[in-house]
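**Q** See final-v4.tsv below, with TSV, C-alpha atoms.
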chain	number	residue	atom	x	y	z
A	1	MET	CA	9.22	6.69	-16.83
A	2	SER	CA	6.69	8.85	-15.07
A	3	HIS	CA	5.22	7.76	-11.80
A	4	SER	CA	2.14	8.67	-9.84
A	5	GLU	CA	1.76	8.90	-6.11
A	6	SER	CA	-1.79	7.56	-6.40
A	7	PRO	CA	-2.74	4.61	-4.22
A	8	VAL	CA	-3.41	1.12	-5.56
A	9	PRO	CA	-6.37	1.40	-7.96
A	10	PRO	CA	-9.73	0.95	-6.20
A	11	THR	CA	-10.62	-1.90	-8.57
A	12	ALA	CA	-8.31	-4.08	-6.46
A	13	GLY	CA	-10.91	-4.94	-3.85
A	14	THR	CA	-9.36	-8.35	-3.22
A	15	ALA	CA	-5.76	-9.48	-2.84
A	16	VAL	CA	-4.63	-13.11	-2.99
A	17	VAL	CA	-1.35	-13.67	-1.13
A	18	LEU	CA	0.73	-16.83	-1.34
A	19	PRO	CA	3.19	-18.24	1.22
A	20	GLY	CA	6.76	-19.29	0.57
A	21	THR	CA	8.14	-22.81	0.45
A	22	GLY	CA	7.10	-24.83	3.51
A	23	SER	CA	5.25	-21.82	4.91
A	24	ASP	CA	1.52	-21.29	5.34
A	25	ALA	CA	-1.41	-18.89	5.11
A	26	CYS	CA	-0.79	-17.71	8.68
A	27	PHE	CA	2.53	-16.12	7.74
A	28	ALA	CA	1.16	-14.71	4.46
A	29	GLU	CA	-1.60	-13.10	6.48
A	30	LYS	CA	0.94	-11.65	8.93
A	31	ALA	CA	2.98	-10.28	6.06
A	32	PHE	CA	0.22	-8.66	4.01
A	33	GLY	CA	-3.11	-8.71	5.85
A	34	ALA	CA	-2.85	-5.63	8.07
A	35	GLU	CA	-1.76	-3.20	5.35
A	36	LEU	CA	-4.28	-4.55	2.85
A	37	ARG	CA	-7.13	-4.14	5.33
A	38	ARG	CA	-5.94	-0.64	6.17
A	39	ARG	CA	-6.45	0.14	2.49
A	40	SER	CA	-9.89	-1.54	2.47
A	41	ILE	CA	-8.57	-4.43	0.35
A	42	ILE	CA	-9.75	-7.89	1.40
A	43	PRO	CA	-6.81	-10.30	1.81
A	44	ILE	CA	-7.13	-13.97	0.89
A	45	ALA	CA	-4.14	-15.81	2.34
A	46	VAL	CA	-3.81	-19.23	0.73
A	47	ASP	CA	-2.75	-22.40	2.51
A	48	PRO	CA	-0.75	-24.56	0.09
A	49	ASP	CA	-1.79	-28.11	-0.64
A	50	PRO	CA	1.55	-29.87	-0.09
A	51	ARG	CA	0.51	-32.55	-2.61
A	52	GLY	CA	0.32	-29.84	-5.30
A	53	VAL	CA	1.51	-26.45	-4.11
A	54	VAL	CA	1.50	-24.52	-7.38
A	55	ALA	CA	-1.80	-26.03	-8.51
A	56	SER	CA	-3.45	-25.00	-5.25
A	57	TYR	CA	-2.10	-21.47	-5.66
A	58	LEU	CA	-3.30	-21.18	-9.25
A	59	THR	CA	-6.77	-22.44	-8.31
A	60	ALA	CA	-7.05	-19.80	-5.60
A	61	LEU	CA	-5.91	-17.05	-7.97
A	62	ASP	CA	-8.29	-18.12	-10.74
A	63	GLU	CA	-11.25	-18.36	-8.38
A	64	ALA	CA	-10.63	-14.97	-6.80
A	65	ALA	CA	-10.36	-13.30	-10.23
A	66	GLU	CA	-13.74	-14.58	-11.42
A	67	ASN	CA	-15.42	-11.39	-10.18
A	68	GLY	CA	-12.91	-8.92	-11.58
A	69	PRO	CA	-9.23	-7.95	-11.50
A	70	ILE	CA	-7.36	-8.62	-8.27
A	71	LEU	CA	-4.13	-7.73	-6.53
A	72	VAL	CA	-1.78	-10.72	-6.21
A	73	GLY	CA	1.28	-11.29	-4.13
A	74	GLY	CA	3.40	-13.65	-2.15
A	75	VAL	CA	6.62	-14.48	-0.37
A	76	SER	CA	9.52	-16.29	-2.06
A	77	ILE	CA	8.04	-18.93	-4.37
A	78	GLY	CA	4.65	-17.38	-3.63
A	79	ALA	CA	5.94	-14.18	-5.22
A	80	ALA	CA	7.21	-16.13	-8.24
A	81	VAL	CA	3.88	-17.90	-8.76
A	82	ALA	CA	1.96	-14.65	-8.34
A	83	LEU	CA	4.18	-12.88	-10.85
A	84	ARG	CA	3.88	-15.67	-13.43
A	85	TRP	CA	0.10	-15.70	-13.02
A	86	ALA	CA	0.06	-11.94	-13.57
A	87	TYR	CA	2.25	-12.40	-16.66
A	88	ASP	CA	-0.18	-15.00	-17.99
A	89	ASN	CA	-3.33	-13.05	-16.97
A	90	PRO	CA	-2.57	-9.33	-17.39
A	91	ASP	CA	-6.24	-8.44	-17.79
A	92	ARG	CA	-7.15	-10.09	-14.47
A	93	VAL	CA	-4.63	-8.35	-12.21
A	94	VAL	CA	-4.00	-4.75	-11.13
A	95	GLY	CA	-0.65	-5.22	-9.42
A	96	VAL	CA	1.81	-7.65	-7.82
A	97	LEU	CA	3.29	-7.64	-4.31
A	98	ALA	CA	6.58	-9.55	-4.45
A	99	ALA	CA	8.25	-10.17	-1.09
A	100	LEU	CA	11.67	-11.84	-0.83
A	101	PRO	CA	11.95	-13.11	-4.44
A	102	ALA	CA	14.21	-16.13	-4.56
A	103	TRP	CA	15.35	-16.66	-8.16
A	104	THR	CA	14.86	-15.74	-11.80
A	105	GLY	CA	14.17	-18.39	-14.44
A	106	ASP	CA	15.73	-21.80	-13.79
A	107	PRO	CA	16.00	-22.61	-10.05
A	108	ARG	CA	19.15	-24.71	-10.42
A	109	GLY	CA	21.90	-23.04	-8.47
A	110	ALA	CA	19.56	-20.81	-6.47
A	111	PRO	CA	20.21	-20.95	-2.70
A	112	ALA	CA	16.49	-21.26	-1.87
A	113	ALA	CA	16.04	-24.21	-4.23
A	114	ALA	CA	19.15	-25.93	-2.87
A	115	SER	CA	17.88	-25.42	0.67
A	116	ALA	CA	14.48	-26.88	-0.20
A	117	ARG	CA	16.05	-29.94	-1.86
A	118	TRP	CA	18.38	-30.54	1.07
A	119	THR	CA	15.59	-30.15	3.64
A	120	ALA	CA	13.38	-32.58	1.70
A	121	SER	CA	16.15	-35.18	1.67
A	122	GLU	CA	16.82	-34.70	5.39
A	123	LEU	CA	13.12	-35.07	6.20
A	124	ARG	CA	12.93	-38.32	4.26
A	125	ALA	CA	16.07	-39.64	5.93
A	126	HIS	CA	15.53	-38.52	9.53
A	127	GLY	CA	11.87	-37.57	9.99
A	128	LEU	CA	10.03	-34.42	10.96
A	129	ASP	CA	10.97	-34.17	14.64
A	130	THR	CA	14.73	-34.49	14.11
A	131	VAL	CA	14.87	-32.04	11.22
A	132	THR	CA	12.60	-29.55	12.98
A	133	ALA	CA	14.88	-29.66	16.04
A	134	ALA	CA	17.94	-29.00	13.87
A	135	MET	CA	16.17	-26.15	12.07
A	136	THR	CA	15.13	-24.61	15.38
A	137	ALA	CA	18.69	-24.73	16.68
A	138	SER	CA	20.06	-22.90	13.63
A	139	SER	CA	17.29	-20.37	12.91
A	140	PRO	CA	16.13	-17.10	14.44
A	141	PRO	CA	13.40	-17.81	17.02
A	142	TRP	CA	10.65	-16.15	14.96
A	143	LEU	CA	11.46	-18.24	11.88
A	144	ALA	CA	11.71	-21.42	13.93
A	145	ARG	CA	8.22	-20.80	15.36
A	146	GLU	CA	6.73	-20.15	11.93
A	147	LEU	CA	8.28	-23.20	10.28
A	148	THR	CA	7.59	-25.54	13.20
A	149	ARG	CA	3.90	-24.76	12.82
A	150	SER	CA	3.72	-24.94	9.03
A	151	TRP	CA	5.98	-27.98	8.64
A	152	SER	CA	3.88	-29.94	11.12
A	153	ALA	CA	0.67	-29.07	9.26
A	154	GLN	CA	2.13	-30.17	5.90
A	155	TRP	CA	3.62	-33.43	7.16
A	156	PRO	CA	3.89	-36.14	5.78
A	157	ASP	CA	3.65	-34.47	2.35
A	158	LEU	CA	6.17	-31.74	3.21
A	159	PRO	CA	9.15	-33.31	1.38
A	160	SER	CA	7.27	-33.48	-1.90
A	161	ALA	CA	6.11	-29.87	-1.44
A	162	LEU	CA	9.71	-28.77	-0.93
A	163	ASP	CA	10.88	-30.72	-3.98
A	164	GLU	CA	8.12	-29.19	-6.10
A	165	ALA	CA	9.14	-25.69	-5.06
A	166	ALA	CA	12.80	-26.44	-5.78
A	167	HIS	CA	11.94	-27.25	-9.40
A	168	TYR	CA	9.62	-24.31	-10.06
A	169	ARG	CA	10.69	-22.20	-13.02
A	170	ALA	CA	10.21	-18.51	-12.34
A	171	LEU	CA	9.93	-15.90	-15.08
A	172	ASP	CA	13.21	-15.46	-16.96
A	173	VAL	CA	14.68	-12.08	-17.90
A	174	ASP	CA	12.86	-11.84	-21.23
A	175	GLU	CA	9.57	-12.62	-19.51
A	176	LEU	CA	10.26	-10.10	-16.74
A	177	ARG	CA	10.70	-7.46	-19.41
A	178	ALA	CA	7.28	-8.34	-20.83
A	179	VAL	CA	5.37	-7.96	-17.54
A	180	THR	CA	2.83	-5.19	-18.08
A	181	VAL	CA	1.44	-4.73	-14.57
A	182	PRO	CA	3.04	-2.74	-11.73
A	183	VAL	CA	5.13	-4.77	-9.28
A	184	GLY	CA	6.12	-3.66	-5.77
A	185	ILE	CA	9.12	-5.61	-4.46
A	186	ALA	CA	10.51	-5.99	-0.93
A	187	ALA	CA	13.87	-7.73	-0.53
A	188	ALA	CA	16.10	-8.25	2.48
A	189	VAL	CA	19.64	-6.91	2.48
A	190	ASP	CA	20.93	-9.78	4.65
A	191	ASP	CA	19.08	-12.89	3.42
A	192	ALA	CA	21.37	-15.45	1.81
A	193	VAL	CA	18.42	-17.64	0.81
A	194	HIS	CA	16.55	-14.81	-0.95
A	195	PRO	CA	19.42	-12.72	-2.36
A	196	LEU	CA	19.01	-8.98	-2.67
A	197	ALA	CA	20.43	-9.34	-6.18
A	198	VAL	CA	17.25	-11.11	-7.28
A	199	GLY	CA	15.04	-8.29	-6.02
A	200	ARG	CA	17.28	-5.79	-7.76
A	201	GLN	CA	17.12	-7.77	-11.00
A	202	TRP	CA	13.33	-7.97	-10.90
A	203	SER	CA	13.03	-4.22	-10.23
A	204	ARG	CA	15.49	-3.47	-13.02
A	205	GLU	CA	13.96	-5.70	-15.69
A	206	ILE	CA	10.22	-5.35	-15.02
A	207	PRO	CA	9.07	-2.18	-16.80
A	208	HIS	CA	6.88	-0.87	-13.95
A	209	ALA	CA	8.58	-2.02	-10.75
A	210	GLU	CA	10.29	-0.61	-7.71
A	211	LEU	CA	12.27	-2.14	-4.87
A	212	ALA	CA	12.28	-1.46	-1.14
A	213	THR	CA	14.72	-3.12	1.25
A	214	VAL	CA	14.39	-4.52	4.74
A	215	THR	CA	16.43	-6.58	7.21
A	216	LEU	CA	15.54	-10.04	8.45
A	217	GLU	CA	15.47	-8.67	11.99
A	218	GLN	CA	12.78	-6.19	10.93
A	219	VAL	CA	10.77	-9.01	9.36
A	220	GLY	CA	11.11	-11.06	12.50
A	221	ASP	CA	10.02	-8.17	14.71
A	222	ASP	CA	7.00	-7.41	12.52
A	223	PRO	CA	6.28	-9.46	9.39
A	224	SER	CA	3.75	-6.85	8.25
A	225	VAL	CA	6.69	-4.69	7.17
A	226	LEU	CA	6.76	-6.80	4.00
A	227	GLY	CA	3.23	-5.83	3.05
A	228	ARG	CA	3.77	-2.18	3.92
A	229	LEU	CA	6.87	-1.96	1.76
A	230	CYS	CA	5.39	-3.83	-1.20
A	231	LEU	CA	2.28	-1.64	-1.20
A	232	ALA	CA	4.24	1.56	-0.68
A	233	THR	CA	6.41	0.79	-3.71
A	234	LEU	CA	3.32	-0.12	-5.71
A	235	ASP	CA	1.86	3.29	-4.87
A	236	ARG	CA	4.83	4.94	-6.54
A	237	ILE	CA	4.77	3.00	-9.79
A	238	VAL	CA	1.22	3.31	-11.09
A	239	PRO	CA	2.11	4.87	-14.47
A	240	VAL	CA	0.75	8.32	-15.23
A	241	PRO	CA	-1.23	8.06	-18.49
A	242	ASN	CA	-0.32	10.26	-21.48
A	243	ARG	CA	2.24	12.40	-19.72
Reformat the file's structure so that it appears as structure tokens.
**A**
Amino acid sequence: MSHSESPVPPTAGTAVVLPGTGSDACFAEKAFGAELRRRSIIPIAVDPDPRGVVASYLTALDEAAENGPILVGGVSIGAAVALRWAYDNPDRVVGVLAALPAWTGDPRGAPAAASARWTASELRAHGLDTVTAAMTASSPPWLARELTRSWSAQWPDLPSALDEAAHYRALDVDELRAVTVPVGIAAAVDDAVHPLAVGRQWSREIPHAELATVTLEQVGDDPSVLGRLCLATLDRIVPVPNR
């Protein structure tokens, strides 16, 4: 297919960006905010309601789109929710920013879903402080800082939020093939929880999509690399009309 090097269409004056499982608006802002503002796009980073994560995301997306088409995006399950909303509302969206996609279709068997289920069970069994300490001991310092903050804010509803995410059905392959809007994808080459294979599958099956890769160390050093990569790939996939 033909591609244009044009920037994201100027109709996308607002972008709604959604955090991943157990994460928060602060990290979504770090990931996408700087590059969106550089392009004169207003970012709306959404804090999940842990009592109804997906519902809170959909409400934010619907409200933001009341005044015209928007750019949507997210990290992990945030990317999956954003993509499904775009699939369901193609006339209300100009593009999708998908960072670290976690699975396609049914979440059963996906590493991210298994991790969320296990963490929820550990939190119920041992409490926030113990599980946070164990997570901190086994995670890169940047990730430990991010999750310590967001987990604390979502407690005591965090386990139910994790369980909800673990059961979320993302678009399947047939649905990916029917996505009509451009999708810029950033996936990590060394992330076992968000496999590169998923990013490759999304970029292969979505008609107007491209993939850029990153390392977790790069994300830790500067989370805004996710937004830069997603928007740079989106720049390259705005289809050229009638050519």
**Q** For segment 91-208 of chain A versus segment 228-238 of chain A, which residues have an atom no more than 12 Å away, and what is each residue's nearest atom pair and distance in Å rounded to one decimal, using all atoms listed in the file, chain-then-number order, as a Markdown table?
**A**
| residue | atom | partner | partner_atom | distance |
| --- | --- | --- | --- | --- |
| A:Val94 | CA | A:Val238 | CA | 9.6 |
| A:Gly95 | CA | A:Leu234 | CA | 7.5 |
| A:Val96 | CA | A:Leu234 | CA | 8.0 |
| A:Leu97 | CA | A:Cys230 | CA | 5.3 |
| A:Ala98 | CA | A:Cys230 | CA | 6.7 |
| A:Ala99 | CA | A:Cys230 | CA | 7.0 |
| A:Leu100 | CA | A:Cys230 | CA | 10.2 |
| A:Pro101 | CA | A:Cys230 | CA | 11.8 |
| A:Thr180 | CA | A:Val238 | CA | 11.1 |
| A:Val181 | CA | A:Val238 | CA | 8.8 |
| A:Pro182 | CA | A:Ile237 | CA | 6.3 |
| A:Val183 | CA | A:Leu234 | CA | 6.1 |
| A:Gly184 | CA | A:Leu234 | CA | 4.5 |
| A:Ile185 | CA | A:Cys230 | CA | 5.3 |
| A:Ala186 | CA | A:Cys230 | CA | 5.6 |
| A:Ala187 | CA | A:Leu229 | CA | 9.4 |
| A:Ala188 | CA | A:Leu229 | CA | 11.2 |
| A:Gly199 | CA | A:Cys230 | CA | 11.7 |
| A:Ser203 | CA | A:Thr233 | CA | 10.6 |
| A:Ile206 | CA | A:Ile237 | CA | 11.3 |
| A:Pro207 | CA | A:Ile237 | CA | 9.7 |
| A:His208 | CA | A:Ile237 | CA | 6.1 |
**Q** Select from segment 169-207 of chain A every residue with an atom at most 8 Å from any atom of segment 111-130 of chain A, then for each give the shortest pair of atoms and their distance in Å to one decimal, using all atoms listed in the file, rows by chain and rising number, as a Markdown table.
**A**
| residue | atom | partner | partner_atom | distance |
| --- | --- | --- | --- | --- |
| A:Ala192 | CA | A:Pro111 | CA | 7.2 |
| A:Val193 | CA | A:Ala112 | CA | 4.9 |
| A:His194 | CA | A:Ala112 | CA | 6.5 |
**Q** Using only C-alpha atoms, which of A:Glu35, A:Pro223, A:Ala110, A:Arg204 sits nearest Val179 of chain A?
**A**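 Comparing A:Glu35, A:Pro223, A:Ala110, A:Arg204 against Val179 of chain A, the winner is A:Arg204.
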**Q** Atom CA of Glu66 of chain A and atom CA of Trp85 of chain A are how many Å apart?
**A**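 Spanning atom CA of Glu66 of chain A to atom CA of Trp85 of chain A is a straight-line distance of 14.0 Å.
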**Q** Write out as a list in words which residues come within 9 Å of Glu175 of chain A when counting all atoms listed in the file, dropping same-chain ones fewer than 2 positions away.
**A** Arg84, Tyr87, Gly105, Leu171, Asp172, Val173, Arg177, Ala178, Val179 and Ile206 of chain A
**Q** What does the distance between atom CA of Asp47 of chain A and atom CA of Leu18 of chain A come to in Å, to one decimal place?
**A** 7.6 Å
**Q** Can you pull out every residue within 8 Å of Gly74 of chain A, counting all atoms listed in the file, but drop anything in the same chain fewer than 3 positions away, and send it as number ranges by chain?
**A** A: 17-20, 28, 77-82, 97-99
**Q** Quick one: residues within 9 Å of Ala34 of chain A, all atoms listed in the file, excluding same-chain residues fewer than 3 positions away - as a list of chain:residue names?
**A**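 My list of contacting residues is A:Glu29, A:Lys30, A:Ala31, A:Arg37, A:Arg38, A:Arg39, A:Pro43, A:Ser224, A:Gly227, A:Arg228.
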**Q** Report, in Å to a single decimal, how far apart atom CA of Asp190 of chain A and atom CA of Ser139 of chain A are.
**A** 13.9 Å
**Q** Save segment 77-101 of chain A to a file: C-alpha atoms, as a PDB file, in the first residue's frame.
**A**
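Below you can see decode_33.pdb, which holds the result:
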ATOM      1  CA  ILE A  77      -4.453  -3.234  27.976  1.00  0.00           C
ATOM      2  CA  GLY A  78      -4.857   0.499  27.392  1.00  0.00           C
ATOM      3  CA  ALA A  79      -3.756  -0.096  23.808  1.00  0.00           C
ATOM      4  CA  ALA A  80      -6.222  -2.978  23.469  1.00  0.00           C
ATOM      5  CA  VAL A  81      -9.139  -0.907  24.782  1.00  0.00           C
ATOM      6  CA  ALA A  82      -8.197   2.028  22.557  1.00  0.00           C
ATOM      7  CA  LEU A  83      -7.983  -0.200  19.504  1.00  0.00           C
ATOM      8  CA  ARG A  84     -11.344  -1.857  20.190  1.00  0.00           C
ATOM      9  CA  TRP A  85     -12.965   1.549  20.703  1.00  0.00           C
ATOM     10  CA  ALA A  86     -11.509   2.676  17.371  1.00  0.00           C
ATOM     11  CA  TYR A  87     -12.837  -0.507  15.747  1.00  0.00           C
ATOM     12  CA  ASP A  88     -16.285   0.204  17.170  1.00  0.00           C
ATOM     13  CA  ASN A  89     -16.173   3.971  16.434  1.00  0.00           C
ATOM     14  CA  PRO A  90     -14.248   4.443  13.169  1.00  0.00           C
ATOM     15  CA  ASP A  91     -15.929   7.777  12.449  1.00  0.00           C
ATOM     16  CA  ARG A  92     -14.844   9.209  15.806  1.00  0.00           C
ATOM     17  CA  VAL A  93     -11.116   8.465  15.623  1.00  0.00           C
ATOM     18  CA  VAL A  94      -8.247   9.562  13.367  1.00  0.00           C
ATOM     19  CA  GLY A  95      -5.594   7.136  14.562  1.00  0.00           C
ATOM     20  CA  VAL A  96      -4.432   4.766  17.302  1.00  0.00           C
ATOM     21  CA  LEU A  97      -1.193   4.782  19.311  1.00  0.00           C
ATOM     22  CA  ALA A  98      -0.589   1.232  20.540  1.00  0.00           C
ATOM     23  CA  ALA A  99       2.326   0.816  22.953  1.00  0.00           C
ATOM     24  CA  LEU A 100       3.391  -2.621  24.221  1.00  0.00           C
ATOM     25  CA  PRO A 101       0.344  -4.624  23.053  1.00  0.00           C
TER      26      PRO A 101
END
